[in-house]
Structures are given as structure tokens and as C-alpha cells.
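Asker: Dumping the structure here so I can ask a few things about it.
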Amino acid sequence: MTPREALFDAADVAPALPVCDHYSGVEARMRKSLELQGELGPVFDVTLDCEDGAPVGGEAEHAQLCAELVMSAANRFGRVGARVHPVDHPSFEHDVDTLVRRAGARLAYLMVPKPRGLADVQRAVDQIDHFIRIHGHGRDIPVHVLVETHGALCEVGAIAAHPRIESVSFGLMDFVSAHRGAIPASAMSAEGQFTHPLVLRAKLEIAAACHAHAKVPSHCVVTEFKDLRALSAAATRACREFGYTRMWSIHPDQVRTIVEAFAPSAAETDLAIEILRAAQAAQWAPIRHRDTLHDRASYRYFWQVVERARRTGQPLPAEVRQAWFDGAAA
């Protein structure tokens, strides 16, 4: 048995998504993002933006372009999704129809922004599933949700519990703006977003809801896209302190920094492999390793370290890859 099979029930395992989600909405930048993904591998997702990326009056054409890119040879790994308009926007239905009809076979997910609560999420899911049935692709396209309104935050537990939701993201900029000036602009900065109490509350509630329901919490943007030191610090805090397993990128230069921040160190990976090998040899009974006792509870943690190392492109020993991943449902 692999560690995953031995240690987890299926309902306890969150989707194994890449740790970085890169957003792009201008055609030239979308194509460059796909080129970068081809270079680095599937350590990050590319989300083609039909909301903010679409020119006013050109929404239909932009959705068609996004569908073409999803189906193109540039989508080498099948890790390209799309953000549609909010469910109450006139372009929402057309976005979903176009993307599902023309690219439903390869679309990694659809991101739904600005739901006002669970009812909007359900309405969006119903429309998405309606077009999946009509166009007959025979697969459920995962749905991601962007929490950036008061109503969605109030119902984030129910949203994360929805069986069609795979990941929940935090929309920092709109969330701050929704407070009508009561939160200062500094709370949208790389440093301020980790100090303002209302922003911290939102981040923690989203992360906690996702982990409670085995969904993926995705951290918000850092807009100072040229300040890689600030980005690295923010990504490290998001991963190590706030429980996020994924983070948005809004500039290609941010991708490598986010992936590196979310990756375990080589020492952490080596320790996890040592402990799991000893545990497997003991048929998952408690063991003593370096004068520390470990059992199935800590084994589960160390398995997640190994999985994160794999998702971030770290080299694993050949025997580990063969025994634990090759041919396994990972």
C-alpha cells in the first residue's frame, strides 16, 4: 500500500492542485504564460481571465479566444482554467456556454468571482452543470470560487462544503473596497494584508473552512509584482502561518518565487521520506525515529510534505517515485 492508501480515507484528501495559480487576460500575456508553463512544467496553473481581461464590448470574442487557447497545443499539461464573469453579469452564461462547448474536454476548472453567498454559488454551479449536460463532455468540470464579498465570507463554510467546489480563493482588493473606506489602502499591500485584523479574519476563516471540507485554500495576490522579496515573505507566511496550499500570481516573474516559497526544504523532504519508509516497514504501527515517537497522525503530515515536494517539482529518489507515485492514484 502507498502511504496515501494506508493513511487516508478518500473523503479526507484534498485535490492535489499546483501551489501557484497564475492569472492572465491579455492575449500576448496569456500565450507567454502558457509558454512559461511549458518551460517549468505543471508546477503552476494558468487561469485565462474572461472577467477583468475581457475588453468591454468584446466579451464574446475573448471567451472564444480563451477556449481556443485551452484546446491548443500550448496547453501541454491540461492545467489551464478560466475565470468567467460573476453569475449576475450579462456575459456569465455566454462565457460558460462558450468555454464548456468549445473547451470542456480539457478545461481544468472554472473560477466564479464575486458570489454574494451560497445561493450565487449554487446558481453558478447549476448553470455550469446545465451546459456540461447539453454539450455532453461526460466529465464534471471543477468549480473554484473567489470569496470577496461580505455575504460569501459569512457563508464560506457552506460554500467550501459544496460538493462541486474544488478550491476557494480570497479576493483581497474587492474585500477591502467592500468596507467603504473603513479599511485603509495599506491593507492591500504585501505587508499590510498580514496586519489588519479584518483581513486576517477573512484569510483565516477561508483557510479553516477549506481544510474542514478537504478543499484547497488559495491565497490572494501581492500587487507589488516587482518586489520579489516582499512576495517571498508573503507567500511564506501564507503557507507556513495561514494554512494556504495555493496562491495567486498576477505577473510571470512571481511564479517561481511562489513555487519556491510553498515548497518544503530539501531537509524537510528527506526527513519525511525517512519517517515514512520506517513507518511502512513497521506496517504503519508507531515507531521511534531520532528519539521521537511517531504514529499515523504524524505520518499523515509527513506524507503531505512529500506530496508537496512532488507538486513543486522537487526531485524525489527514484525508488520513492516508483513505489509511492508511479501508477498510483496521486
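Convention: chains lettered A, B, ... in C-alpha cells order; per-chain residue numbering from 1; ligands numbered from 1 as shown.
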DSSP on the backbone: which residues in segment 93-180 of chain A end up as strand (DSSP E or B)? Give the answer as a VMD selection string.

Answerer: chain A and resid 110 to 113 143 to 147 165 to 170

Asker: If we count only C-alpha atoms, what is near His219 of chain A at a cut-off of 6 Å, once residues fewer than 3 positions away on the same chain are taken out, given as a list in words?

Answerer: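 Once the nearby chain positions are removed, what remains is Ser169, Phe170 and Met247 of chain A.
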
Asker: Residues of the last selection are to be written out with N, CA, C and O atoms, as a PDB file, in the first residue's frame.

Answerer:
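Wrote again.pdb, looks like this:
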```pdb
ATOM      1  N   SER A 169     -10.725  30.822  -3.172  1.00  0.00           N
ATOM      2  CA  SER A 169      -9.703  31.863  -3.150  1.00  0.00           C
ATOM      3  C   SER A 169     -10.200  33.076  -2.384  1.00  0.00           C
ATOM      4  O   SER A 169     -11.407  33.302  -2.255  1.00  0.00           O
ATOM      5  N   PHE A 170      -9.245  33.873  -1.901  1.00  0.00           N
ATOM      6  CA  PHE A 170      -9.572  35.119  -1.221  1.00  0.00           C
ATOM      7  C   PHE A 170      -9.293  36.293  -2.160  1.00  0.00           C
ATOM      8  O   PHE A 170      -8.189  36.431  -2.682  1.00  0.00           O
ATOM      9  N   MET A 247      -1.545  29.822  -4.128  1.00  0.00           N
ATOM     10  CA  MET A 247      -1.508  31.283  -4.104  1.00  0.00           C
ATOM     11  C   MET A 247      -1.576  31.822  -5.528  1.00  0.00           C
ATOM     12  O   MET A 247      -1.055  31.227  -6.470  1.00  0.00           O
TER      13      MET A 247
END
```

Asker: What does the distance from atom CA of Arg79 of chain A to atom CA of Ile206 of chain A come to in Å, to one decimal?

Answerer: 23.5 Å

Asker: I'd like the interatomic distance between atom CA of Ala234 of chain A and atom CA of Leu118 of chain A, to a tenth of an Å.

Answerer: 29.1 Å

Asker: For Lys114 of chain A, which of A:Val156, A:Leu65, A:Val87, A:Ile134 is the closest residue, counting only C-alpha atoms?

Answerer: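 Closest residue, counting only C-alpha atoms: A:Val87.
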
Asker: Would you pick out the contacts of segment 267-278 of chain A at 8 Å or less, using only C-alpha atoms, so that residues sharing its chain but fewer than 4 positions from it are not included, and give the list as a ChimeraX atom specification?

Answerer: /A:3,282,287,289,299,302-303,305-306,309

Asker: Tell me which of A:Val143, A:Ala182, A:Ala261, A:Ala74 sits closest to Ala233 of chain A, counting only C-alpha atoms.

Answerer: A:Ala261

Asker: Have a look at A:Phe242, A:Tyr109, A:Phe8, A:Phe77 and name the one nearest to Leu34 of chain A; count only C-alpha atoms.

Answerer: A:Phe77

Asker: Please list as a PyMOL selection string every residue within 7 Å of Val259 of chain A, counting only C-alpha atoms and excluding residues in the same chain fewer than 4 positions away.

Answerer: chain A and resi 19-20+255+263+312

Asker: Grab the residues selected above and save them as an mmCIF file, in the first residue's frame with N, CA, C and O atoms.

Answerer:
```cif
data_model
loop_
_atom_site.group_PDB
_atom_site.id
_atom_site.type_symbol
_atom_site.label_atom_id
_atom_site.label_comp_id
_atom_site.auth_asym_id
_atom_site.auth_seq_id
_atom_site.Cartn_x
_atom_site.Cartn_y
_atom_site.Cartn_z
ATOM 1 N N VAL A 19 0.647 24.578 -6.564
ATOM 2 C CA VAL A 19 0.663 25.559 -5.479
ATOM 3 C C VAL A 19 0.518 26.995 -5.972
ATOM 4 O O VAL A 19 0.309 27.905 -5.160
ATOM 5 N N CYS A 20 0.632 27.227 -7.259
ATOM 6 C CA CYS A 20 0.529 28.581 -7.800
ATOM 7 C C CYS A 20 -0.529 28.617 -8.891
ATOM 8 O O CYS A 20 -0.627 27.695 -9.711
ATOM 9 N N VAL A 255 5.835 33.705 -10.429
ATOM 10 C CA VAL A 255 5.541 32.271 -10.384
ATOM 11 C C VAL A 255 6.632 31.498 -9.650
ATOM 12 O O VAL A 255 6.358 30.738 -8.710
ATOM 13 N N ALA A 263 7.257 25.313 -1.470
ATOM 14 C CA ALA A 263 7.929 24.023 -1.479
ATOM 15 C C ALA A 263 8.572 23.743 -0.117
ATOM 16 O O ALA A 263 9.102 24.649 0.519
ATOM 17 N N THR A 312 5.723 20.633 -6.350
ATOM 18 C CA THR A 312 6.536 21.817 -6.618
ATOM 19 C C THR A 312 7.788 21.492 -7.424
ATOM 20 O O THR A 312 8.675 22.330 -7.560
#
```

Asker: Can you pull out every residue within 9 Å of segment 59-61 of chain A, counting only C-alpha atoms, but drop anything in the same chain fewer than 5 positions away, and send it as a list in words?

Answerer: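 Once the nearby chain positions are removed, what remains is Cys50, Glu51, Gly53, Ala54, Cys66, Ser91, His94, Asp95 and Thr98 of chain A.
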
Asker: Per DSSP on the backbone, what are the alpha helix (DSSP H) residues of segment 38-233 of chain A, as a PyMOL selection string?

Answerer: chain A and resi 38-40+59-71+92-103+118-135+150-154+156-161+172-177+197-212+228-233

Asker: Find the distance between atom CA of Met173 of chain A and atom CA of Leu99 of chain A and write it in Å to one decimal.

Answerer: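 Separating atom CA of Met173 of chain A from atom CA of Leu99 of chain A is a distance of 26.4 Å.
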
Asker: Neighbouring residues of Lys203 of chain A were defined as those with any atom within 12 Å, considering only C-alpha atoms; residues of the same chain fewer than 5 positions away were excluded. Please report them as a ChimeraX atom specification.

Answerer: /A:147-148,153,156,168-172,175,193-198,208-210,217-220,237-239,241-244

Asker: Using only C-alpha atoms, can you tell me which of A:Cys154, A:Ala11, A:Ile258, A:Val100 comes closest to Arg133 of chain A?

Answerer: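 Distance minimum relative to Arg133 of chain A lands on A:Val100.
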
Asker: Could you pull the residues within 9 Å of Ile128 of chain A, counting only C-alpha atoms, minus those fewer than 4 positions along the same chain, as a PyMOL selection string?

Answerer: chain A and resi 93+96-97+100+110+123-124+132-133+141+143

Asker: Could you check the closest approach to Gly117 of chain A for each of A:Asp9, A:Glu155, A:Asp227, A:Asp52 and tell me which residue wins, using only C-alpha atoms?

Answerer: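 Ranking A:Asp9, A:Glu155, A:Asp227, A:Asp52 by distance to Gly117 of chain A, first place goes to A:Glu155.
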
Asker: Which of these residues is nearest to Asp140 of chain A, using only C-alpha atoms: A:Ala207, A:Ala190, A:Val125, A:Leu36?

Answerer: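 With only C-alpha atoms as the atom set, the closest residue is A:Val125.
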